[in-house]
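Coordinates from run_1.txt are shown below (compact mmCIF, C-alpha atoms).
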```txt
# COMPACT_ATOMS: atom_id res chain seq x y z
CA MET A 1 -62.62 -8.89 32.91
CA LYS A 2 -62.59 -10.02 29.30
CA LYS A 3 -61.45 -6.64 28.00
CA PRO A 4 -58.13 -6.49 29.92
CA LEU A 5 -57.39 -10.04 28.81
CA ALA A 6 -57.98 -9.13 25.17
CA VAL A 7 -55.77 -6.07 25.50
CA PHE A 8 -53.05 -8.19 27.14
CA LEU A 9 -53.24 -10.77 24.35
CA LEU A 10 -53.10 -8.06 21.71
CA VAL A 11 -50.07 -6.45 23.36
CA PHE A 12 -48.43 -9.86 23.74
CA LEU A 13 -48.99 -10.69 20.07
CA LEU A 14 -47.71 -7.30 18.91
CA PHE A 15 -44.63 -7.64 21.12
CA ASN A 16 -43.87 -11.09 19.72
CA LEU A 17 -44.35 -9.80 16.21
CA TRP A 18 -41.94 -6.91 16.86
CA VAL A 19 -39.35 -9.22 18.45
CA GLY A 20 -39.68 -11.57 15.48
CA VAL A 21 -39.04 -8.74 13.03
CA ALA A 22 -36.14 -7.45 15.11
CA SER A 23 -34.49 -10.84 15.29
CA ALA A 24 -35.02 -11.35 11.56
CA GLN A 25 -33.29 -8.04 10.92
CA ALA A 26 -30.44 -9.08 13.16
CA THR A 27 -29.77 -12.23 11.17
CA THR A 28 -30.07 -10.64 7.73
CA PRO A 29 -28.20 -7.32 7.50
CA SER A 30 -29.96 -4.69 5.43
CA ASP A 31 -28.61 -3.16 2.22
CA ASP A 32 -27.87 0.04 4.15
CA GLU A 33 -25.75 -1.85 6.66
CA VAL A 34 -23.91 -3.63 3.87
CA ASN A 35 -23.41 -0.41 1.88
CA ALA A 36 -22.11 1.44 4.94
CA ILE A 37 -19.11 -0.89 4.80
CA ALA A 38 -19.05 -1.30 1.02
CA LYS A 39 -18.72 2.44 0.40
CA GLU A 40 -15.40 2.40 2.24
CA LEU A 41 -14.08 -0.32 -0.03
CA PHE A 42 -13.20 -0.12 -3.70
CA CYS A 43 -13.83 -2.69 -6.39
CA PRO A 44 -10.52 -4.55 -6.92
CA VAL A 45 -11.35 -5.19 -10.58
CA CYS A 46 -12.91 -1.97 -11.91
CA GLU A 47 -10.65 0.87 -10.87
CA ASN A 48 -11.88 3.86 -8.88
CA THR A 49 -15.35 2.47 -8.28
CA PRO A 50 -16.65 2.26 -4.71
CA LEU A 51 -18.05 -1.15 -3.92
CA ASP A 52 -21.50 0.16 -2.89
CA VAL A 53 -22.23 1.56 -6.37
CA CYS A 54 -20.28 -0.89 -8.52
CA PRO A 55 -22.71 -2.73 -10.84
CA THR A 56 -20.57 -5.73 -11.83
CA GLU A 57 -21.25 -9.33 -10.91
CA ALA A 58 -18.02 -9.46 -8.93
CA CYS A 59 -19.08 -6.48 -6.80
CA LYS A 60 -22.48 -8.04 -6.15
CA GLN A 61 -20.65 -11.09 -4.83
CA TRP A 62 -18.46 -8.94 -2.58
CA ARG A 63 -21.50 -7.12 -1.17
CA GLU A 64 -23.11 -10.49 -0.45
CA LEU A 65 -19.89 -11.55 1.24
CA ILE A 66 -20.09 -8.45 3.47
CA ARG A 67 -23.70 -9.36 4.28
CA LEU A 68 -22.62 -12.91 5.13
CA LYS A 69 -19.81 -11.72 7.38
CA LEU A 70 -22.11 -9.23 9.13
CA SER A 71 -24.67 -11.95 9.76
CA GLU A 72 -21.87 -14.02 11.30
CA GLY A 73 -21.25 -11.17 13.73
CA TRP A 74 -18.06 -9.76 12.17
CA SER A 75 -17.27 -6.14 12.91
CA LYS A 76 -16.55 -3.52 10.24
CA GLU A 77 -12.83 -3.64 11.06
CA GLN A 78 -12.74 -7.42 10.80
CA ILE A 79 -14.44 -7.30 7.41
CA GLN A 80 -12.03 -4.62 6.15
CA ASP A 81 -9.06 -6.65 7.39
CA TYR A 82 -10.42 -9.70 5.60
CA PHE A 83 -10.77 -7.76 2.34
CA VAL A 84 -7.22 -6.40 2.66
CA GLU A 85 -5.87 -9.90 3.27
CA GLN A 86 -7.76 -11.28 0.27
CA TYR A 87 -7.38 -8.48 -2.26
CA GLY A 88 -4.66 -6.18 -0.96
CA ALA A 89 -4.71 -2.73 0.64
CA ARG A 90 -5.74 -1.12 -2.67
CA VAL A 91 -9.37 -2.05 -1.91
CA LEU A 92 -9.46 0.42 0.97
CA ALA A 93 -10.97 3.81 0.16
CA GLU A 94 -8.75 5.23 2.88
CA PRO A 95 -5.27 3.68 2.95
CA PRO A 96 -4.21 2.33 6.36
CA ARG A 97 -2.18 4.66 8.57
CA GLN A 98 0.84 2.42 8.83
CA GLY A 99 4.24 1.83 7.24
CA TRP A 100 4.83 3.39 3.82
CA TYR A 101 1.17 4.39 3.59
CA TRP A 102 2.00 7.27 5.93
CA LEU A 103 3.68 8.90 2.93
CA ILE A 104 0.27 9.31 1.29
CA TYR A 105 -0.87 11.39 4.24
CA LEU A 106 2.36 13.22 4.98
CA MET A 107 3.65 14.02 1.48
CA PRO A 108 0.89 16.47 0.48
CA VAL A 109 1.25 18.36 3.77
CA ALA A 110 5.04 18.41 3.43
CA LEU A 111 4.91 19.52 -0.22
CA PHE A 112 2.39 22.22 0.63
CA GLY A 113 4.66 23.46 3.42
CA VAL A 114 7.69 23.48 1.12
CA GLY A 115 5.67 25.33 -1.52
CA ILE A 116 4.59 28.00 0.95
CA PHE A 117 8.19 28.37 2.18
CA ILE A 118 9.53 28.73 -1.37
CA LEU A 119 6.88 31.31 -2.24
CA TYR A 120 7.59 33.23 0.95
CA ARG A 121 11.34 33.26 0.32
CA ALA A 122 10.89 34.21 -3.32
CA TYR A 123 8.50 37.03 -2.37
CA GLN A 124 10.95 38.29 0.23
CA SER A 125 13.87 38.16 -2.20
CA MET A 126 11.96 40.07 -4.88
CA ARG A 127 10.98 42.84 -2.45
CA GLN A 128 14.57 43.55 -1.37
CA PRO A 129 16.35 46.09 -3.59
CA LEU A 130 19.62 45.05 -5.07
CA PRO A 131 22.59 46.57 -3.17
CA LEU A 132 24.29 49.18 -5.28
CA GLU A 133 27.65 48.16 -6.52
CA ALA A 134 30.56 50.32 -5.36
CA ASP A 135 31.39 51.58 -8.82
CA GLU A 136 27.66 52.22 -9.55
CA ALA A 137 27.56 54.69 -6.62
CA GLN A 138 30.39 56.74 -8.10
CA PRO A 139 29.78 59.13 -10.98
CA PRO A 140 30.89 57.61 -14.21
CA ALA A 141 34.51 58.27 -14.94
CA SER A 142 35.18 60.37 -18.00
CA PRO A 143 36.27 58.26 -20.88
CA SER A 144 39.90 58.44 -21.69
CA LEU A 145 40.50 59.68 -25.23
CA SER A 146 43.65 59.63 -27.20
CA ASP A 147 45.12 62.85 -28.59
CA ALA A 148 44.01 61.92 -32.09
CA ASP A 149 40.44 61.41 -30.91
CA LEU A 150 40.49 64.74 -29.06
CA ARG A 151 41.65 66.48 -32.18
CA ARG A 152 38.86 64.91 -34.22
CA VAL A 153 36.28 66.00 -31.63
CA GLU A 154 37.56 69.57 -31.71
CA GLU A 155 37.46 69.60 -35.51
CA GLU A 156 33.88 68.37 -35.49
CA LEU A 157 32.88 71.04 -32.98
CA ASN A 158 34.58 73.77 -35.02
CA LYS A 159 32.75 72.67 -38.17
CA ARG A 160 29.38 73.04 -36.41
CA LYS A 161 30.09 76.60 -35.21
CA MET B 162 13.17 67.19 -22.89
CA THR B 163 14.04 66.26 -19.41
CA THR B 164 14.57 62.76 -18.17
CA GLN B 165 13.38 61.64 -14.77
CA PRO B 166 16.00 59.98 -12.68
CA ASN B 167 15.28 56.29 -12.19
CA THR B 168 14.44 56.15 -8.52
CA ALA B 169 12.82 52.64 -8.54
CA ALA B 170 15.00 50.14 -6.83
CA PRO B 171 16.07 47.26 -9.06
CA ARG B 172 14.36 43.99 -8.10
CA ARG B 173 15.91 40.57 -7.91
CA GLY B 174 14.63 37.61 -9.89
CA VAL B 175 13.66 34.31 -8.28
CA PRO B 176 16.72 33.03 -6.42
CA ILE B 177 18.64 30.33 -8.18
CA TRP B 178 18.14 27.78 -5.42
CA VAL B 179 14.37 28.21 -5.71
CA GLN B 180 14.53 27.67 -9.45
CA VAL B 181 16.67 24.57 -9.01
CA THR B 182 14.28 23.18 -6.37
CA ILE B 183 11.22 23.76 -8.54
CA TRP B 184 12.81 22.18 -11.60
CA ALA B 185 14.06 19.22 -9.57
CA ALA B 186 10.58 18.68 -8.13
CA LEU B 187 9.01 18.89 -11.58
CA LEU B 188 11.52 16.43 -13.01
CA ALA B 189 10.90 14.02 -10.12
CA LEU B 190 7.15 14.27 -10.71
CA LEU B 191 7.61 13.62 -14.43
CA ALA B 192 9.82 10.63 -13.68
CA ILE B 193 7.16 9.14 -11.39
CA VAL B 194 4.44 9.67 -14.01
CA ALA B 195 6.67 8.15 -16.70
CA MET B 196 7.37 5.10 -14.55
CA GLY B 197 3.66 4.65 -13.92
CA LEU B 198 2.83 4.94 -17.61
CA ARG B 199 5.62 2.54 -18.55
CA ARG B 200 4.34 -0.02 -16.08
CA ALA B 201 0.77 0.42 -17.33
CA GLN B 202 1.85 -0.14 -20.94
CA GLN B 203 4.29 -2.92 -20.14
CA GLY B 204 1.73 -5.71 -20.45
CA THR B 205 2.13 -9.13 -18.96
CA VAL B 206 5.47 -10.80 -18.26
CA GLN B 207 7.01 -11.88 -21.53
CA PRO B 208 8.22 -15.24 -22.85
CA GLY B 209 11.85 -15.72 -21.87
CA ASP B 210 11.39 -14.00 -18.52
CA GLU B 211 12.49 -16.05 -15.55
CA ILE B 212 9.74 -16.52 -13.00
CA PRO B 213 10.85 -15.98 -9.40
CA ASP B 214 9.46 -17.95 -6.50
CA PHE B 215 5.94 -17.46 -5.22
CA THR B 216 3.65 -19.42 -2.94
CA LEU B 217 0.05 -20.34 -3.62
CA THR B 218 -2.05 -21.20 -0.57
CA LEU B 219 -4.62 -23.77 -1.62
CA PHE B 220 -8.32 -23.90 -0.88
CA ASP B 221 -9.42 -26.34 1.81
CA GLY B 222 -9.69 -29.78 0.23
CA TYR B 223 -6.92 -29.11 -2.30
CA THR B 224 -3.36 -30.30 -1.75
CA TYR B 225 -0.19 -30.72 -3.73
CA GLU B 226 1.91 -33.70 -2.67
CA GLY B 227 0.09 -33.66 0.65
CA LYS B 228 0.75 -29.97 1.36
CA SER B 229 -1.76 -27.13 1.53
CA GLN B 230 0.67 -24.69 -0.11
CA VAL B 231 2.56 -24.86 -3.37
CA SER B 232 5.93 -23.18 -3.68
CA PHE B 233 6.91 -22.47 -7.27
CA ALA B 234 10.57 -23.17 -6.46
CA GLU B 235 9.64 -26.77 -5.64
CA LEU B 236 8.25 -27.27 -9.13
CA ARG B 237 11.56 -26.71 -10.92
CA GLY B 238 12.09 -29.51 -13.47
CA LYS B 239 8.40 -29.66 -14.33
CA VAL B 240 6.30 -27.79 -16.81
CA VAL B 241 4.03 -25.47 -14.83
CA VAL B 242 0.72 -24.13 -16.11
CA ILE B 243 -0.73 -21.27 -14.08
CA ASN B 244 -4.30 -20.37 -14.85
CA PHE B 245 -5.80 -17.15 -13.46
CA TRP B 246 -9.58 -17.36 -13.18
CA ALA B 247 -12.55 -16.08 -11.19
CA SER B 248 -16.05 -17.33 -10.53
CA TRP B 249 -17.54 -14.07 -11.86
CA CYS B 250 -15.67 -14.48 -15.14
CA LYS B 251 -17.89 -15.96 -17.86
CA PRO B 252 -15.06 -16.63 -20.38
CA CYS B 253 -13.31 -18.66 -17.65
CA GLU B 254 -16.24 -21.08 -17.76
CA GLN B 255 -15.61 -21.69 -21.46
CA GLU B 256 -12.20 -23.17 -20.82
CA ALA B 257 -12.73 -24.76 -17.39
CA ALA B 258 -13.64 -28.20 -18.73
CA ASP B 259 -10.77 -28.18 -21.26
CA MET B 260 -8.27 -27.20 -18.56
CA GLU B 261 -9.44 -30.00 -16.31
CA ALA B 262 -9.38 -32.55 -19.14
CA ALA B 263 -5.82 -31.50 -20.07
CA TRP B 264 -4.72 -31.77 -16.44
CA ARG B 265 -6.15 -35.27 -16.13
CA SER B 266 -4.27 -36.35 -19.23
CA TYR B 267 -0.91 -35.06 -17.91
CA GLN B 268 -1.35 -35.92 -14.21
CA PRO B 269 -0.24 -39.58 -14.41
CA GLY B 270 3.05 -38.63 -16.10
CA GLY B 271 3.96 -36.24 -13.29
CA GLN B 272 5.89 -33.96 -15.63
CA VAL B 273 3.30 -31.22 -15.78
CA VAL B 274 1.67 -29.33 -12.90
CA PHE B 275 -1.45 -27.24 -13.29
CA LEU B 276 -2.15 -24.48 -10.77
CA GLY B 277 -5.30 -22.41 -10.53
CA ALA B 278 -5.01 -18.92 -9.04
CA ASP B 279 -8.40 -17.49 -8.14
CA TYR B 280 -8.25 -13.77 -8.85
CA VAL B 281 -10.17 -11.29 -6.60
CA ASP B 282 -13.00 -13.66 -5.86
CA THR B 283 -15.25 -14.62 -3.00
CA GLU B 284 -14.62 -18.04 -1.52
CA PRO B 285 -18.20 -19.42 -1.51
CA GLU B 286 -18.63 -18.61 -5.22
CA ALA B 287 -15.12 -19.87 -6.01
CA ARG B 288 -15.87 -23.17 -4.33
CA GLY B 289 -19.13 -23.40 -6.25
CA TYR B 290 -17.24 -22.84 -9.50
CA LEU B 291 -14.64 -25.51 -8.71
CA GLN B 292 -17.38 -27.95 -7.78
CA LYS B 293 -19.45 -27.13 -10.85
CA PHE B 294 -16.59 -27.89 -13.23
CA ASP B 295 -15.17 -30.70 -11.08
CA ILE B 296 -11.75 -29.07 -11.07
CA THR B 297 -9.20 -31.27 -9.33
CA TYR B 298 -5.84 -29.57 -9.98
CA PRO B 299 -4.40 -27.48 -7.11
CA ASN B 300 -6.32 -24.27 -6.73
CA GLY B 301 -6.11 -21.39 -4.31
CA PRO B 302 -6.91 -17.72 -3.89
CA ASP B 303 -4.40 -15.16 -5.11
CA LEU B 304 -4.11 -13.63 -1.64
CA GLY B 305 -3.53 -9.91 -1.73
CA THR B 306 -3.32 -10.21 -5.57
CA LYS B 307 0.42 -10.70 -5.12
CA ILE B 308 0.83 -13.39 -7.78
CA SER B 309 -1.30 -11.61 -10.37
CA GLN B 310 0.59 -8.38 -9.74
CA PHE B 311 3.85 -10.11 -10.42
CA PHE B 312 2.55 -11.58 -13.69
CA ARG B 313 0.95 -8.17 -14.44
CA ILE B 314 -2.20 -9.88 -15.63
CA LYS B 315 -4.63 -7.72 -17.58
CA GLY B 316 -7.72 -9.76 -16.84
CA VAL B 317 -9.05 -13.28 -16.51
CA PRO B 318 -8.71 -15.86 -17.85
CA GLU B 319 -5.00 -15.75 -18.51
CA THR B 320 -2.74 -18.80 -18.55
CA TYR B 321 1.04 -18.87 -18.25
CA PHE B 322 3.19 -21.80 -19.38
CA ILE B 323 6.58 -22.14 -17.69
CA ASP B 324 9.22 -24.61 -18.76
CA GLN B 325 11.36 -26.95 -16.65
CA GLN B 326 14.00 -24.24 -16.19
CA GLY B 327 11.51 -21.80 -14.71
CA LYS B 328 11.25 -19.62 -17.81
CA LEU B 329 8.01 -18.37 -19.22
CA VAL B 330 7.41 -19.81 -22.68
CA TYR B 331 3.86 -18.82 -23.59
CA VAL B 332 1.02 -16.60 -22.42
CA GLN B 333 -2.57 -17.31 -23.32
CA VAL B 334 -4.73 -14.22 -22.90
CA GLY B 335 -8.39 -15.17 -22.93
CA PRO B 336 -9.97 -18.62 -22.91
CA PHE B 337 -8.72 -21.68 -24.77
CA SER B 338 -10.94 -22.79 -27.58
CA SER B 339 -10.19 -26.49 -27.11
CA GLU B 340 -8.23 -29.01 -25.10
CA ALA B 341 -6.08 -29.64 -28.17
CA GLN B 342 -4.88 -26.04 -28.02
CA ILE B 343 -3.52 -26.67 -24.52
CA HIS B 344 -1.78 -29.87 -25.64
CA ALA B 345 -0.24 -28.06 -28.59
CA ILE B 346 1.55 -25.73 -26.19
CA ILE B 347 2.62 -28.28 -23.57
CA ASP B 348 3.64 -31.26 -25.70
CA PRO B 349 6.66 -29.57 -27.39
CA LEU B 350 7.99 -28.69 -23.92
CA LEU B 351 8.05 -32.35 -22.91
CA LYS B 352 10.22 -33.52 -25.82
```

In structure tokens, write the structure found in this file.
Amino acid sequence: MKKPLAVFLLVFLLFNLWVGVASAQATTPSDDEVNAIAKELFCPVCENTPLDVCPTEACKQWRELIRLKLSEGWSKEQIQDYFVEQYGARVLAEPPRQGWYWLIYLMPVALFGVGIFILYRAYQSMRQPLPLEADEAQPPASPSLSDADLRRVEEELNKRK
Amino acid sequence: MTTQPNTAAPRRGVPIWVQVTIWAALLALLAIVAMGLRRAQQGTVQPGDEIPDFTLTLFDGYTYEGKSQVSFAELRGKVVVINFWASWCKPCEQEAADMEAAWRSYQPGGQVVFLGADYVDTEPEARGYLQKFDITYPNGPDLGTKISQFFRIKGVPETYFIDQQGKLVYVQVGPFSSEAQIHAIIDPLLK
């Protein structure tokens, strides 16, 4: 009778311990959870540095702010919106798909398409032979020579005989 | 010697409209790069430049004439000192006490307004900084970095002095070394 009771107590204690750890994790987001959001944000001070790897004091503060917001139950989108409101859209690793930002997504595709079209047209144009001009198709007309020139030609020919 | 007849068909060059398009695109790209470089090398706004209106939303607990926002247009007729700072900025700490002391000396006269614009900072740390240095002049976050982008600041701390007509008269890049240095800039504007 004592053995089942001991097993029950052990299971009960282990369960409580696990729940305690789980709830502690829930209140304090891990570095991985923080970095999962931080890597999609850029440091507003040091250019081109993702927030999850940025070593400055300012970035440490921003990561702690993400941790704080996560512990308050904020979602990833809410945190990103907050960062955009505070520091501008430039902090986003991926610009929002709205307004003028659409140009960032559409311009490369459009330019690529235009480039392909230009290359295609240029290739086509270079493969087509030039149409022969009307006078090119005819045998060349004999040059018109004056009488004086004809005489000089005959003299030259006679000298060579 | 016999010559072979030229049977190869003559080929066209790149059509003119293609050449024009490519050159136009290249010129447009160069213009964009040049504009970007020019802006990068432009530096901060310069003395003599007129400062257009902007609004600074203040931190909770800070007000200006009972309001939680300060509109620059409402400050016309007063000397305005705008200090860009951040809690993570160590040089800002060097001048924080001098800025506050200067503000307290001008506050009773009502002719000078100090504004603190907190640049890309986190609010808990910013509040800690303001509390630590007992800063009482109106302070607020530079939301969306709109104000700092207008002034084209290069870092913090930077302080801009604007006269009663709304024109920039002096830019201090880096911290002040003393309170007297701040007075030396403001006092001539009040005469």

Item to complete: Could you give me, as a PyMOL selection string, the residues within 10 Å of Cys43 (chain A), counting only C-alpha atoms and dropping anything in the same chain fewer than 3 positions from it?
Response: (chain A and resi 38-39+46-56+58-59+62+87+90-93) or (chain B and resi 281)

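For the pair CA of Ser339 (chain B) and CA of Gln255 (chain B), the separation is 9.2 Å.
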
Write out as a tab-separated table a residue-level contact list of chain B versus chain A with cut-off 10 Å: for each qualifying residue the closest pair of atoms and the distance in Å to one decimal, counting all atoms listed in the file, rows sorted by chain and residue number upward.
```
residue	atom	partner	partner_atom	distance
B:Ala169	CA	A:Pro129	CA	8.9
B:Ala170	CA	A:Pro129	CA	5.4
B:Pro171	CA	A:Pro129	CA	5.6
B:Arg172	CA	A:Pro129	CA	5.4
B:Arg173	CA	A:Met126	CA	5.0
B:Gly174	CA	A:Met126	CA	6.2
B:Val175	CA	A:Ala122	CA	5.7
B:Pro176	CA	A:Ala122	CA	6.7
B:Ile177	CA	A:Ala122	CA	9.9
B:Trp178	CA	A:Ile118	CA	9.6
B:Val179	CA	A:Ile118	CA	6.5
B:Gln180	CA	A:Ile118	CA	9.6
B:Thr182	CA	A:Ile118	CA	8.9
B:Ile183	CA	A:Ile118	CA	8.9
B:Ala186	CA	A:Leu111	CA	9.8
B:Ala247	CA	A:Ala58	CA	8.9
B:Ser248	CA	A:Ala58	CA	8.3
B:Trp249	CA	A:Ala58	CA	5.5
B:Cys250	CA	A:Ala58	CA	8.3
B:Tyr280	CA	A:Tyr87	CA	8.5
B:Val281	CA	A:Tyr87	CA	5.9
B:Asp282	CA	A:Ala58	CA	7.2
B:Thr283	CA	A:Trp62	CA	6.5
B:Glu284	CA	A:Leu65	CA	8.8
B:Pro285	CA	A:Leu65	CA	8.5
B:Glu286	CA	A:Gln61	CA	7.8
B:Pro302	CA	A:Gln86	CA	7.7
B:Asp303	CA	A:Gln86	CA	7.4
B:Leu304	CA	A:Gln86	CA	4.7
B:Gly305	CA	A:Gly88	CA	4.0
B:Thr306	CA	A:Tyr87	CA	5.5
B:Lys307	CA	A:Gly88	CA	8.0
B:Gly316	CA	A:Val45	CA	8.6
```

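Residue nearest Pro252 (chain B), chosen from B:Tyr298, B:Val334, B:Asp348, B:Asp279 and counting all atoms listed in the file: B:Val334.
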
Need the shell around Tyr331 (chain B): protein/DNA/RNA residues with any atom at most 10 Å away, counting only C-alpha atoms. Skip same-chain ones fewer than 3 positions apart. Format as a compact mmCIF listing (two decimals) with C-alpha atoms, in the coordinates of the input?
```txt
# COMPACT_ATOMS: atom_id res chain seq x y z
CA VAL B 206 5.47 -10.80 -18.26
CA GLN B 207 7.01 -11.88 -21.53
CA PRO B 208 8.22 -15.24 -22.85
CA GLY B 209 11.85 -15.72 -21.87
CA VAL B 242 0.72 -24.13 -16.11
CA THR B 320 -2.74 -18.80 -18.55
CA TYR B 321 1.04 -18.87 -18.25
CA PHE B 322 3.19 -21.80 -19.38
CA ILE B 323 6.58 -22.14 -17.69
CA ASP B 324 9.22 -24.61 -18.76
CA LYS B 328 11.25 -19.62 -17.81
CA VAL B 334 -4.73 -14.22 -22.90
CA ILE B 346 1.55 -25.73 -26.19
CA ILE B 347 2.62 -28.28 -23.57
```

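Each of A:Ala148, A:Ile37, A:Ala110, A:Ile104 was checked against Gln80 (chain A) using all atoms listed in the file; the smallest atom-to-atom distance is that of A:Ile37.
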
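Ranking B:Val231, B:Leu350, B:Ala257, B:Leu187 by their shortest atom-to-atom distance to Gln272 (chain B), with all atoms listed in the file included, puts B:Leu350 first.
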
Worksheet item: At what distance in Å, to one decimal, does CA of Asp259 (chain B) lie from CA of Val274 (chain B)?
Response: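 These two atoms are separated by 15.0 Å.
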
Worksheet item: Which is closer to Leu70 (chain A) than all the others in A:Tyr105, A:Ala36, A:Thr28, A:Pro95, using all atoms listed in the file?
Response: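 When distances to Leu70 (chain A) are compared using all atoms listed in the file, the smallest one comes from A:Thr28.
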
Give me the box for region 289-307 of chain B as AutoDock Vina command-line options, namely the centre and edge lengths in Å to one decimal of a box along x, y and z that holds every listed atom plus 5 Å on each side.
```
--center_x -9.5 --center_y -20.6 --center_z -7.4 --size_x 29.9 --size_y 31.4 --size_z 21.6
```

Discussion item. Rounded to one decimal, what separation in Å do you get between CA of Arg313 (chain B) and CA of Arg200 (chain B)?
Written reply: 9.0 Å

Worksheet item: Between B:Gly327, B:Pro336, B:Pro299, B:Gly197, which is the closest to Trp264 (chain B) once you count all atoms listed in the file?
Response: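 Among B:Gly327, B:Pro336, B:Pro299, B:Gly197, it is B:Pro299 that comes nearest to Trp264 (chain B).
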